[in-house]
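Asker: Sharing start.csv, CSV, C-alpha atoms:
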chain,number,residue,atom,x,y,z
A,1,MET,CA,3.0,39.9,291.5
A,2,SER,CA,4.6,36.7,290.1
A,3,PRO,CA,2.5,33.7,289.0
A,4,SER,CA,3.8,31.7,292.0
A,5,ALA,CA,3.0,34.4,294.6
A,6,PRO,CA,0.1,33.5,297.0
A,7,LEU,CA,-3.3,34.9,296.2
A,8,PRO,CA,-4.1,38.1,298.0
A,9,ARG,CA,-6.4,37.6,301.0
A,10,ILE,CA,-9.2,40.2,301.0
A,11,VAL,CA,-11.3,40.8,304.1
A,12,VAL,CA,-15.0,41.4,303.2
A,13,ILE,CA,-16.9,43.2,306.0
A,14,GLY,CA,-20.6,43.8,306.2
A,15,THR,CA,-23.8,42.8,307.9
A,16,GLY,CA,-24.5,39.4,306.5
A,17,ASP,CA,-28.0,39.2,308.0
A,18,THR,CA,-29.3,42.1,305.8
A,19,LYS,CA,-26.8,42.1,302.9
A,20,SER,CA,-26.0,38.4,302.3
A,21,ASP,CA,-26.7,38.5,298.6
A,22,GLU,CA,-24.4,41.5,298.1
A,23,LEU,CA,-21.6,40.1,300.3
A,24,GLN,CA,-21.6,36.7,298.7
A,25,PHE,CA,-21.6,38.3,295.2
A,26,MET,CA,-18.5,40.3,296.3
A,27,ALA,CA,-16.8,37.2,297.5
A,28,SER,CA,-17.4,35.5,294.2
A,29,VAL,CA,-15.9,38.5,292.3
A,30,ILE,CA,-12.9,38.5,294.5
A,31,ASP,CA,-12.4,34.8,293.8
A,32,GLU,CA,-12.8,35.3,290.1
A,33,ALA,CA,-10.3,38.2,290.2
A,34,GLY,CA,-7.6,36.0,291.7
A,35,GLY,CA,-8.1,36.8,295.4
A,36,LEU,CA,-9.2,34.9,298.5
A,37,PRO,CA,-12.2,36.4,300.3
A,38,VAL,CA,-12.1,36.4,304.1
A,39,MET,CA,-15.7,37.0,305.3
A,40,ILE,CA,-16.2,39.0,308.5
A,41,ASP,CA,-19.8,39.4,309.7
A,42,VAL,CA,-20.8,42.4,311.8
A,43,SER,CA,-24.4,41.6,312.1
A,44,ILE,CA,-25.9,42.1,315.6
A,45,LEU,CA,-29.4,40.6,315.9
A,46,ASP,CA,-29.5,37.8,313.3
A,47,ASP,CA,-27.1,35.4,311.7
A,48,PRO,CA,-26.2,35.4,307.9
A,49,PRO,CA,-27.4,32.5,305.8
A,50,TYR,CA,-23.7,31.5,305.2
A,51,ALA,CA,-20.8,30.6,307.5
A,52,PRO,CA,-18.5,33.6,307.8
A,53,ASP,CA,-14.8,33.1,308.5
A,54,TYR,CA,-15.3,35.4,311.5
A,55,SER,CA,-18.7,35.7,313.2
A,56,LYS,CA,-20.4,38.4,315.2
A,57,TYR,CA,-19.3,36.5,318.3
A,58,ASP,CA,-15.7,36.8,317.2
A,59,ILE,CA,-16.2,40.5,316.7
A,60,ALA,CA,-17.7,41.0,320.1
A,61,LYS,CA,-14.9,39.0,321.7
A,62,ALA,CA,-12.3,41.3,320.0
A,63,ALA,CA,-14.2,44.3,321.4
A,64,GLY,CA,-13.7,42.8,324.9
A,65,THR,CA,-17.4,42.0,325.4
A,66,SER,CA,-20.1,39.6,324.2
A,67,ILE,CA,-22.8,39.9,321.6
A,68,GLU,CA,-25.4,39.7,324.3
A,69,ALA,CA,-23.9,42.7,326.0
A,70,ILE,CA,-23.7,44.6,322.7
A,71,ILE,CA,-27.4,44.0,322.1
A,72,ALA,CA,-28.2,45.2,325.6
A,73,SER,CA,-25.9,48.3,325.3
A,74,GLY,CA,-28.8,50.7,324.8
A,75,ASP,CA,-29.4,51.6,321.2
A,76,GLU,CA,-28.2,50.9,317.6
A,77,ASN,CA,-25.6,53.6,317.8
A,78,SER,CA,-23.8,52.3,320.9
A,79,ALA,CA,-24.1,48.7,319.6
A,80,MET,CA,-22.6,49.5,316.2
A,81,ALA,CA,-19.8,51.5,317.9
A,82,LEU,CA,-18.8,48.4,319.9
A,83,MET,CA,-19.0,46.2,316.7
A,84,ALA,CA,-16.7,48.8,315.0
A,85,LYS,CA,-14.2,48.5,317.9
A,86,GLY,CA,-14.2,44.7,317.5
A,87,ALA,CA,-14.0,44.8,313.7
A,88,ALA,CA,-11.1,47.3,313.8
A,89,THR,CA,-9.2,45.3,316.4
A,90,LEU,CA,-9.7,41.9,314.7
A,91,THR,CA,-8.8,43.2,311.3
A,92,ARG,CA,-5.6,44.9,312.6
A,93,ASP,CA,-4.7,41.7,314.3
A,94,LEU,CA,-5.2,39.7,311.1
A,95,TYR,CA,-3.0,42.1,309.2
A,96,ASP,CA,-0.2,42.2,311.9
A,97,THR,CA,-0.1,38.4,311.9
A,98,GLY,CA,0.2,38.3,308.1
A,99,GLN,CA,-3.2,36.7,307.4
A,100,ILE,CA,-4.7,39.4,305.1
A,101,ASP,CA,-3.6,41.8,302.4
A,102,GLY,CA,-6.5,44.1,301.9
A,103,VAL,CA,-10.0,45.0,303.0
A,104,ILE,CA,-13.3,45.9,301.4
A,105,MET,CA,-16.3,47.1,303.4
A,106,LEU,CA,-20.0,47.6,302.5
A,107,GLY,CA,-22.6,49.7,304.1
A,108,GLY,CA,-25.1,52.5,304.4
A,109,THR,CA,-24.5,55.1,307.2
A,110,MET,CA,-24.2,52.4,309.9
A,111,GLY,CA,-21.8,50.2,307.9
A,112,THR,CA,-19.8,53.2,306.7
A,113,ASP,CA,-19.4,54.4,310.3
A,114,LEU,CA,-17.9,51.1,311.2
A,115,ALA,CA,-15.8,50.9,308.0
A,116,LEU,CA,-14.1,54.2,308.7
A,117,ASP,CA,-12.9,52.8,312.1
A,118,VAL,CA,-11.5,49.6,310.4
A,119,ALA,CA,-9.7,51.6,307.7
A,120,ALA,CA,-8.2,54.0,310.3
A,121,ALA,CA,-6.8,51.0,312.2
A,122,LEU,CA,-4.8,49.8,309.3
A,123,PRO,CA,-1.4,51.3,308.3
A,124,LEU,CA,-0.8,53.3,305.1
A,125,GLY,CA,-0.2,51.0,302.2
A,126,VAL,CA,-2.8,48.4,303.1
A,127,PRO,CA,-5.5,48.5,300.3
A,128,LYS,CA,-8.8,49.6,301.9
A,129,PHE,CA,-12.0,50.1,300.0
A,130,VAL,CA,-15.4,51.3,301.2
A,131,VAL,CA,-18.6,50.8,299.1
A,132,SER,CA,-21.0,53.3,300.7
A,133,THR,CA,-24.3,54.9,300.1
A,134,ILE,CA,-22.7,58.1,301.4
A,135,ALA,CA,-19.4,58.1,299.6
A,136,TYR,CA,-18.1,61.6,299.1
A,137,SER,CA,-20.8,63.0,301.4
A,138,HIS,CA,-20.2,65.8,303.8
A,139,LEU,CA,-21.7,63.5,306.5
A,140,ILE,CA,-18.2,62.0,306.6
A,141,PRO,CA,-15.8,64.2,308.7
A,142,PRO,CA,-12.4,64.5,307.2
A,143,GLU,CA,-10.6,63.4,310.4
A,144,ARG,CA,-12.1,59.9,310.1
A,145,ILE,CA,-10.8,59.3,306.6
A,146,ALA,CA,-7.7,57.1,306.3
A,147,PRO,CA,-5.0,58.7,304.1
A,148,ASP,CA,-5.2,56.1,301.4
A,149,LEU,CA,-8.9,55.2,301.7
A,150,MET,CA,-10.7,54.4,298.4
A,151,MET,CA,-14.4,54.9,298.2
A,152,ILE,CA,-17.1,54.3,295.6
A,153,LEU,CA,-20.8,55.2,295.7
A,154,TRP,CA,-23.0,52.2,296.3
A,155,ALA,CA,-25.5,53.3,293.6
A,156,GLY,CA,-28.8,51.5,293.5
A,157,GLY,CA,-27.8,49.3,296.4
A,158,LEU,CA,-30.2,50.1,299.2
A,159,PHE,CA,-32.0,46.7,299.0
A,160,GLY,CA,-30.8,43.7,297.1
A,161,LEU,CA,-28.9,43.1,293.9
A,162,ASN,CA,-29.6,44.6,290.5
A,163,GLY,CA,-27.6,45.4,287.4
A,164,ILE,CA,-26.3,48.8,288.7
A,165,CYS,CA,-25.4,47.3,292.1
A,166,ARG,CA,-23.5,44.4,290.5
A,167,SER,CA,-21.5,46.8,288.3
A,168,VAL,CA,-20.5,48.9,291.3
A,169,LEU,CA,-19.6,46.0,293.6
A,170,SER,CA,-17.6,44.2,290.9
A,171,GLN,CA,-15.6,47.4,290.1
A,172,ALA,CA,-14.8,47.8,293.8
A,173,CYS,CA,-13.8,44.1,294.3
A,174,GLY,CA,-11.7,44.2,291.2
A,175,ALA,CA,-10.0,47.3,292.4
A,176,VAL,CA,-9.1,46.0,295.9
A,177,VAL,CA,-7.7,42.8,294.5
A,178,GLY,CA,-5.7,44.6,292.0
A,179,ALA,CA,-4.4,47.0,294.6
A,180,ALA,CA,-3.4,44.1,296.9
A,181,LYS,CA,-1.5,42.4,294.0
A,182,HIS,CA,0.4,45.5,292.9
A,183,CYS,CA,0.6,47.9,295.9
A,184,THR,CA,4.0,49.3,296.6
A,185,LYS,CA,4.4,49.7,300.4
A,186,PRO,CA,5.4,53.3,301.4
A,187,LYS,CA,9.0,52.5,302.4
A,188,SER,CA,12.0,54.1,300.6
A,189,GLY,CA,14.7,53.5,303.2
A,190,ARG,CA,15.2,57.2,303.6
A,191,PRO,CA,13.8,59.4,306.4
A,192,LEU,CA,10.5,60.8,305.3
A,193,ILE,CA,9.8,64.6,305.5
A,194,GLY,CA,6.2,65.8,305.3
A,195,MET,CA,5.5,69.2,303.7
A,196,THR,CA,2.3,71.1,303.2
A,197,SER,CA,1.6,73.5,300.3
A,198,LEU,CA,-0.9,74.6,297.7
A,199,GLY,CA,-0.4,74.5,293.9
A,200,SER,CA,2.5,76.4,292.5
A,201,SER,CA,0.3,79.2,291.3
A,202,CYS,CA,-0.2,80.2,294.9
A,203,LEU,CA,2.9,78.8,296.9
A,204,LYS,CA,6.2,77.9,295.3
A,205,TYR,CA,8.7,77.1,298.0
A,206,MET,CA,8.4,73.3,297.5
A,207,LYS,CA,9.8,73.7,294.0
A,208,TYR,CA,13.2,74.6,295.6
A,209,VAL,CA,13.1,73.0,299.0
A,210,LYS,CA,11.9,69.5,297.9
A,211,PRO,CA,14.8,68.7,295.5
A,212,GLU,CA,17.3,70.2,298.0
A,213,LEU,CA,16.1,67.8,300.7
A,214,GLU,CA,16.2,64.9,298.3
A,215,LYS,CA,19.8,65.8,297.6
A,216,ARG,CA,20.5,65.5,301.3
A,217,GLY,CA,19.1,62.0,301.3
A,218,TYR,CA,15.5,62.4,302.4
A,219,ASP,CA,12.2,61.2,300.9
A,220,VAL,CA,9.8,64.2,300.7
A,221,ALA,CA,6.0,64.0,300.5
A,222,VAL,CA,4.2,67.2,299.7
A,223,PHE,CA,0.5,67.4,300.8
A,224,HIS,CA,-2.0,69.6,299.0
A,225,SER,CA,-3.6,71.6,301.7
A,226,THR,CA,-7.1,71.7,300.4
A,227,GLY,CA,-8.9,69.7,303.1
A,228,MET,CA,-8.1,66.0,302.5
A,229,GLY,CA,-4.4,66.6,301.8
A,230,GLY,CA,-4.0,68.2,305.2
A,231,ARG,CA,-6.0,65.3,306.7
A,232,ALA,CA,-3.6,62.8,305.3
A,233,PHE,CA,-0.7,64.8,306.6
A,234,GLU,CA,-2.2,64.9,310.1
A,235,ALA,CA,-3.0,61.2,310.1
A,236,ILE,CA,0.5,60.2,309.1
A,237,ALA,CA,2.0,62.7,311.6
A,238,GLY,CA,-0.2,61.2,314.3
A,239,GLN,CA,1.3,57.8,313.6
A,240,ASN,CA,4.8,59.3,314.0
A,241,GLY,CA,5.4,58.7,310.3
A,242,PHE,CA,7.7,61.7,309.6
A,243,ALA,CA,11.3,62.4,310.7
A,244,ALA,CA,10.4,66.1,310.5
A,245,VAL,CA,7.8,68.4,308.9
A,246,PHE,CA,7.8,71.6,306.8
A,247,ASP,CA,4.3,72.6,307.7
A,248,LEU,CA,4.4,75.8,305.6
A,249,CYS,CA,0.8,76.2,304.5
A,250,MET,CA,-1.8,76.7,307.2
A,251,GLN,CA,-4.8,77.7,305.1
A,252,GLU,CA,-6.8,74.7,306.4
A,253,VAL,CA,-6.6,76.2,309.9
A,254,SER,CA,-8.4,79.3,308.7
A,255,ASN,CA,-10.9,77.2,306.7
A,256,HIS,CA,-11.9,75.2,309.7
A,257,HIS,CA,-12.1,78.3,311.9
A,258,TYR,CA,-14.6,79.8,309.5
A,259,GLY,CA,-16.6,76.6,309.0
A,260,THR,CA,-16.0,75.9,305.3
A,261,VAL,CA,-16.2,72.4,303.9
A,262,VAL,CA,-12.5,72.7,302.8
A,263,THR,CA,-11.3,71.5,306.1
A,264,SER,CA,-8.9,68.9,307.3
A,265,GLY,CA,-10.5,68.7,310.8
A,266,ALA,CA,-10.2,70.4,314.1
A,267,ASP,CA,-6.8,68.9,314.9
A,268,ARG,CA,-4.9,70.5,312.0
A,269,LEU,CA,-1.4,71.7,313.2
A,270,GLU,CA,-1.5,69.5,316.3
A,271,ASN,CA,-0.6,65.9,315.5
A,272,ALA,CA,3.1,66.4,314.6
A,273,GLY,CA,3.6,68.2,318.0
A,274,ARG,CA,1.8,65.4,319.9
A,275,ALA,CA,4.1,62.9,318.3
A,276,GLY,CA,7.2,65.0,319.1
A,277,ILE,CA,8.1,65.5,315.5
A,278,PRO,CA,10.4,68.6,314.8
A,279,GLN,CA,8.5,71.2,312.9
A,280,ILE,CA,9.4,74.1,310.6
A,281,VAL,CA,6.2,76.0,310.4
A,282,ALA,CA,5.1,79.0,308.4
A,283,PRO,CA,1.7,80.8,307.8
A,284,GLY,CA,1.5,80.1,304.1
A,285,ALA,CA,-1.9,81.2,302.7
A,286,VAL,CA,-3.3,81.6,306.2
A,287,ASP,CA,-4.9,84.9,305.1
A,288,MET,CA,-7.2,83.1,302.6
A,289,VAL,CA,-10.4,81.2,303.3
A,290,ASP,CA,-11.6,78.7,300.7
A,291,PHE,CA,-15.2,78.0,299.6
A,292,GLN,CA,-16.9,76.1,296.9
A,293,ALA,CA,-16.8,78.4,293.8
A,294,TRP,CA,-20.2,77.1,292.8
A,295,GLN,CA,-22.0,78.5,295.9
A,296,ASP,CA,-22.7,82.0,297.1
A,297,LEU,CA,-20.2,83.4,299.6
A,298,PRO,CA,-21.4,83.7,303.2
A,299,ALA,CA,-22.5,87.3,304.0
A,300,ILE,CA,-19.5,87.8,306.3
A,301,PHE,CA,-17.2,87.6,303.3
A,302,ALA,CA,-19.5,89.2,300.6
A,303,ASP,CA,-17.4,92.4,300.5
A,304,ARG,CA,-14.0,90.8,300.8
A,305,PRO,CA,-11.5,90.5,297.9
A,306,TYR,CA,-12.2,87.2,296.1
A,307,HIS,CA,-10.2,85.0,293.7
A,308,ALA,CA,-11.8,82.2,291.7
A,309,HIS,CA,-9.2,79.5,291.4
A,310,ASN,CA,-11.4,77.3,289.2
A,311,ARG,CA,-15.0,76.2,289.0
A,312,LEU,CA,-14.7,74.2,292.2
A,313,LEU,CA,-12.7,76.4,294.5
A,314,GLY,CA,-12.6,80.1,295.3
A,315,SER,CA,-10.8,82.1,298.0
A,316,VAL,CA,-11.5,85.2,299.9
A,317,THR,CA,-9.3,87.1,302.4
A,318,SER,CA,-10.2,87.4,306.0
A,319,SER,CA,-10.4,90.8,307.6
A,320,PRO,CA,-7.6,92.2,309.7
A,321,GLU,CA,-9.4,91.3,312.9
A,322,GLY,CA,-10.1,87.8,311.5
A,323,ARG,CA,-6.4,87.4,310.9
A,324,ARG,CA,-5.7,88.3,314.5
A,325,GLU,CA,-8.1,85.6,315.6
A,326,ILE,CA,-6.3,83.0,313.4
A,327,ALA,CA,-2.9,84.1,314.8
A,328,ARG,CA,-4.1,83.5,318.3
A,329,LEU,CA,-5.5,80.1,317.3
A,330,ILE,CA,-2.2,79.1,315.8
A,331,GLY,CA,-0.5,80.2,319.0
A,332,ARG,CA,-2.8,78.0,321.1
A,333,LYS,CA,-2.3,75.0,318.9
A,334,LEU,CA,1.5,75.3,318.9
A,335,ALA,CA,1.5,75.7,322.7
A,336,THR,CA,0.2,72.2,323.2
A,337,THR,CA,3.5,70.5,322.2
A,338,GLU,CA,7.0,70.2,323.5
A,339,ALA,CA,8.4,69.3,320.1
A,340,LYS,CA,11.0,71.5,318.6
A,341,ILE,CA,9.3,74.2,316.5
A,342,ALA,CA,10.8,77.0,314.4
A,343,PHE,CA,8.2,79.5,313.1
A,344,LEU,CA,9.2,81.2,309.8
A,345,LEU,CA,7.4,84.6,309.4
A,346,PRO,CA,7.7,86.0,305.9
A,347,LEU,CA,7.2,89.8,306.2
A,348,GLY,CA,6.7,90.3,302.5
A,349,GLY,CA,3.5,88.3,302.1
A,350,LEU,CA,2.0,84.9,302.6
A,351,GLN,CA,0.9,83.7,299.1
A,352,GLU,CA,1.2,84.7,295.5
A,353,TRP,CA,-2.1,86.6,295.1
A,354,ASP,CA,-1.3,89.0,298.0
A,355,LYS,CA,1.4,90.7,296.1
A,356,PRO,CA,0.9,94.3,294.9
A,357,ASP,CA,-1.5,94.4,291.9
A,358,GLU,CA,-2.8,91.0,292.7
A,359,PRO,CA,-6.5,90.4,293.6
A,360,LEU,CA,-5.9,89.5,297.3
A,361,HIS,CA,-3.3,92.3,298.1
A,362,ASP,CA,-4.2,93.6,301.6
A,363,PRO,CA,-1.3,95.4,303.4
A,364,ALA,CA,-3.5,96.2,306.5
A,365,GLY,CA,-4.5,92.6,306.9
A,366,LEU,CA,-0.9,91.4,306.6
A,367,ASP,CA,0.3,93.9,309.2
A,368,ALA,CA,-2.5,92.8,311.6
A,369,PHE,CA,-1.4,89.1,311.3
A,370,LEU,CA,2.3,89.9,311.7
A,371,ASP,CA,1.6,92.0,314.7
A,372,GLU,CA,-0.6,89.4,316.4
A,373,ILE,CA,1.4,86.3,315.6
A,374,ARG,CA,4.4,87.8,317.4
A,375,ARG,CA,2.3,88.2,320.5
A,376,ALA,CA,0.5,84.8,320.2
A,377,LEU,CA,3.5,82.4,319.7
A,378,PRO,CA,4.4,80.6,322.9
A,379,SER,CA,7.9,80.9,324.3
A,380,THR,CA,8.6,77.3,323.3
A,381,VAL,CA,8.5,78.3,319.6
A,382,THR,CA,11.6,79.9,318.0
A,383,LEU,CA,10.5,82.8,315.8
A,384,GLN,CA,12.5,83.5,312.7
A,385,GLU,CA,11.5,86.6,310.7
A,386,VAL,CA,12.3,86.7,307.0
A,387,ASP,CA,12.2,90.1,305.3
A,388,ALA,CA,10.9,88.6,302.1
A,389,HIS,CA,7.8,87.1,300.5
A,390,ILE,CA,7.0,83.4,301.2
A,391,ASN,CA,7.6,82.6,297.5
A,392,SER,CA,11.1,84.1,297.5
A,393,LEU,CA,14.3,82.1,297.4
A,394,ALA,CA,15.4,83.8,300.7
A,395,PHE,CA,12.4,82.2,302.5
A,396,SER,CA,13.3,78.7,301.1
A,397,GLU,CA,16.9,79.1,302.0
A,398,LYS,CA,16.1,80.1,305.6
A,399,ALA,CA,13.9,77.0,306.0
A,400,LEU,CA,16.8,74.8,304.7
A,401,GLU,CA,19.3,76.6,306.9
A,402,ILE,CA,17.2,75.8,310.0
A,403,PHE,CA,16.8,72.2,308.9
A,404,ASP,CA,20.5,71.7,308.3
A,405,ASN,CA,21.3,73.1,311.8
A,406,TRP,CA,18.8,70.6,313.3
A,407,VAL,CA,20.5,67.7,311.4
A,408,ALA,CA,23.9,68.9,312.7
A,409,GLU,CA,22.5,69.1,316.2
A,410,GLY,CA,21.0,65.6,316.0
A,411,VAL,CA,17.4,66.9,316.2
A,412,VAL,CA,16.6,65.3,312.8
A,413,PRO,CA,18.2,62.1,311.6
A,414,GLU,CA,20.7,62.4,308.8
A,415,GLY,CA,19.5,61.6,305.3
A,416,ARG,CA,20.6,58.4,303.5
A,417,PRO,CA,21.8,58.3,299.9
Take the structure I supplied and represent it as structure tokens, if you would.

Answerer:
Amino acid sequence: MSPSAPLPRIVVIGTGDTKSDELQFMASVIDEAGGLPVMIDVSILDDPPYAPDYSKYDIAKAAGTSIEAIIASGDENSAMALMAKGAATLTRDLYDTGQIDGVIMLGGTMGTDLALDVAAALPLGVPKFVVSTIAYSHLIPPERIAPDLMMILWAGGLFGLNGICRSVLSQACGAVVGAAKHCTKPKSGRPLIGMTSLGSSCLKYMKYVKPELEKRGYDVAVFHSTGMGGRAFEAIAGQNGFAAVFDLCMQEVSNHHYGTVVTSGADRLENAGRAGIPQIVAPGAVDMVDFQAWQDLPAIFADRPYHAHNRLLGSVTSSPEGRREIARLIGRKLATTEAKIAFLLPLGGLQEWDKPDEPLHDPAGLDAFLDEIRRALPSTVTLQEVDAHINSLAFSEKALEIFDNWVAEGVVPEGRP
């Protein structure tokens, strides 16, 4: 940001009737850091002791109602949901009209609930920061987290300012001002390809496919499919942000099915189809289910082969019947779209640790999945079997062959140098 550039305008959202000291402190830090605070009040019952730039009456109007109707809506949950709708609408309008450059929001569970809606309403590349008493908590479902959301725990901040609270709030405000000054918007001029994978110790195709796509004139974003990576992939796909996708790792589908915390939400494998984005799909690592390595395994998996990836993450294999369940679930998800889909089925294995002499080798389980997926795929999906392991060069070359044919047919736009 050059010295002559305008100061970044940062929206500050919170309930000014109960958190006025904190919000005014945040405004002062933003000002000192070289930003311009834009105060949005989402109080419901009382007014803040300061004059916000946008009041609760403005929020209610943006939600298509009045503050009186919101108060009379029934309970605090319904009232705050309406305020969230108004805050999200107003903030997006301010961004679309070039009046703001970033947003920071403060709250406990109520304020965080509202903040997640506001963040989701803003496009990727707009700095968005939430200071929350439940940051990183499993109370927050992954499907509500914006792809580039930043969070910090509001430590010691339940009631009033103190030394710890000031430290946390000042870090957050400095971070959002800095992000607004220096953020590079996610535009490369090339068509964007979304790809899912795991680390190269488990899946390796991206090491060959990504540079090949880049040679063809595409920008390629590879998402780490360990819960939040898949969530970001789905969120961008839902906004029609990809020219095509190589969704080659479906482990999060299995994780969600078995109720682990390593989930990207119930709509994994669905949003690209809804948006009509061409998809090359493969069941990479779908035979594995992830759990926290620091907790005991559920009884259903106690006797299954187990691989500890690190002190945070461990994986077990699902049973042959469990893999049939996952295959049928994949078929149902892919049947919900009319987008062009090619399903690559590697007959030699689905991840590095299922090879012979590796800890998750399970030929019977693999055979069960291969058998069931052939039955489960809808007729709208083109099945391409590859007599090789997913980490083989043959698999990667087949994926690129399909993609190149789609480009020649006009299904996918041509890359740009």

Asker: With distances taken over all atoms listed in the file, which of A:Leu350, A:Ser254, A:Gly265, A:Asp303 is nearest to A:Glu325?

Answerer: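 Selected residue with least distance to A:Glu325: A:Ser254.
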
Asker: Given all atoms listed in the file as the basis, pick out the residue of A:Lys181, A:His257, A:Arg311, A:Arg166 nearest to A:Met288.

Answerer: A:His257

Asker: Taking all atoms listed in the file into account, name the residue in A:Pro49, A:Trp154, A:Ala121, A:Glu414 that is nearest to A:Ile134.

Answerer: A:Trp154

Asker: Hey, which of A:Ala282, A:Ala175, A:Val131, A:Ala119 ends up closest to A:Ala155? Count only C-alpha atoms.

Answerer: A:Val131

Asker: I'd like the interatomic distance between atom CA of A:Leu114 and atom CA of A:Ala84, to a tenth of an Å.

Answerer: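 Those two atoms sit 4.6 Å apart.
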
Asker: Could you check the closest approach to A:Val381 for each of A:Ala339, A:Leu329, A:Val103, A:Leu345 and tell me which residue wins, using only C-alpha atoms?

Answerer: A:Ala339

Asker: Got a sec: who's within 12 Å of A:Pro211, counting all atoms listed in the file, leaving out chain neighbours fewer than 4 positions off, as a PDB file with C-alpha atoms, in the frame of the given file?

Answerer:
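Listed below is the output, part_4.pdb:
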ATOM      1  CA  ILE A 193       9.800  64.600 305.500  1.00  0.00           C
ATOM      2  CA  TYR A 205       8.700  77.100 298.000  1.00  0.00           C
ATOM      3  CA  MET A 206       8.400  73.300 297.500  1.00  0.00           C
ATOM      4  CA  LYS A 207       9.800  73.700 294.000  1.00  0.00           C
ATOM      5  CA  LYS A 215      19.800  65.800 297.600  1.00  0.00           C
ATOM      6  CA  ARG A 216      20.500  65.500 301.300  1.00  0.00           C
ATOM      7  CA  GLY A 217      19.100  62.000 301.300  1.00  0.00           C
ATOM      8  CA  TYR A 218      15.500  62.400 302.400  1.00  0.00           C
ATOM      9  CA  ASP A 219      12.200  61.200 300.900  1.00  0.00           C
ATOM     10  CA  VAL A 220       9.800  64.200 300.700  1.00  0.00           C
ATOM     11  CA  ALA A 221       6.000  64.000 300.500  1.00  0.00           C
ATOM     12  CA  VAL A 222       4.200  67.200 299.700  1.00  0.00           C
ATOM     13  CA  SER A 396      13.300  78.700 301.100  1.00  0.00           C
ATOM     14  CA  LEU A 400      16.800  74.800 304.700  1.00  0.00           C
TER      15      LEU A 400
END

Asker: Choose the residue, out of A:Glu143, A:Asp148, A:Glu409, A:Asp117, that has the smallest atom-to-atom separation from A:Lys185; count all atoms listed in the file.

Answerer: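 Using all atoms listed in the file, the shortest distance to A:Lys185 belongs to A:Asp148.
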
Asker: Excluding A:Ala235 and its own-chain neighbours fewer than 2 positions away, which residues fall within 9 Å of it when counting all atoms listed in the file? Please give them as a ChimeraX atom specification.

Answerer: /A:120,143,145-147,230-233,237-241,271

Asker: Which polymer residues have any atom within 7 Å of an atom of A:Asn391, counting only C-alpha atoms, with same-chain residues fewer than 6 positions away left out, as number ranges by chain?

Answerer: A: 203-205, 351

Asker: Separation of atom CA of A:Val245 and atom CA of A:Phe291, in Å?

Answerer: 26.6 Å

Asker: Just the number, please: distance in Å from atom CA of A:His138 to atom CA of A:Asp41, one decimal.

Answerer: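 So the two atoms, atom CA of A:His138 and atom CA of A:Asp41, lie 27.1 Å apart.
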
Asker: What lies within 9 Å of A:Ser20 using all atoms listed in the file, ignoring chain neighbours under 4 positions off, as an MDAnalysis selection string?

Answerer: chainID A and resid 14:16 24:25 48:50 160

Asker: Just the residues within 10 Å of A:Lys398, please, counting all atoms listed in the file, with nothing from its chain fewer than 5 positions along; format it as JSON, numbers by chain.

Answerer: {"A": [344, 384, 385, 386, 393, 403, 404]}

Asker: Taking N, CA and C atoms as the atom set, what does stretch 258-268 of chain A look like once completed, written as a CSV table (one decimal), in the frame of the given file?

Answerer:
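Listed below is the output, out_5.csv:
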chain,number,residue,atom,x,y,z
A,258,TYR,N,-13.5,79.1,310.0
A,258,TYR,CA,-14.6,79.8,309.5
A,258,TYR,C,-15.7,78.8,309.0
A,259,GLY,N,-15.5,77.6,309.3
A,259,GLY,CA,-16.6,76.6,309.0
A,259,GLY,C,-16.8,76.2,307.6
A,260,THR,N,-15.8,76.3,306.7
A,260,THR,CA,-16.0,75.9,305.3
A,260,THR,C,-15.8,74.4,305.2
A,261,VAL,N,-16.3,73.8,304.1
A,261,VAL,CA,-16.2,72.4,303.9
A,261,VAL,C,-14.8,72.0,303.5
A,262,VAL,N,-13.9,73.0,303.2
A,262,VAL,CA,-12.5,72.7,302.8
A,262,VAL,C,-11.7,72.6,304.0
A,263,THR,N,-12.0,71.6,304.8
A,263,THR,CA,-11.3,71.5,306.1
A,263,THR,C,-10.6,70.1,306.3
A,264,SER,N,-9.6,70.1,307.0
A,264,SER,CA,-8.9,68.9,307.3
A,264,SER,C,-9.1,68.4,308.8
A,265,GLY,N,-10.1,69.1,309.4
A,265,GLY,CA,-10.5,68.7,310.8
A,265,GLY,C,-10.0,69.7,311.9
A,266,ALA,N,-10.5,69.5,313.0
A,266,ALA,CA,-10.2,70.4,314.1
A,266,ALA,C,-8.8,70.3,314.7
A,267,ASP,N,-8.1,69.2,314.4
A,267,ASP,CA,-6.8,68.9,314.9
A,267,ASP,C,-5.6,69.3,314.0
A,268,ARG,N,-6.0,70.1,312.9
A,268,ARG,CA,-4.9,70.5,312.0
A,268,ARG,C,-3.9,71.3,312.8
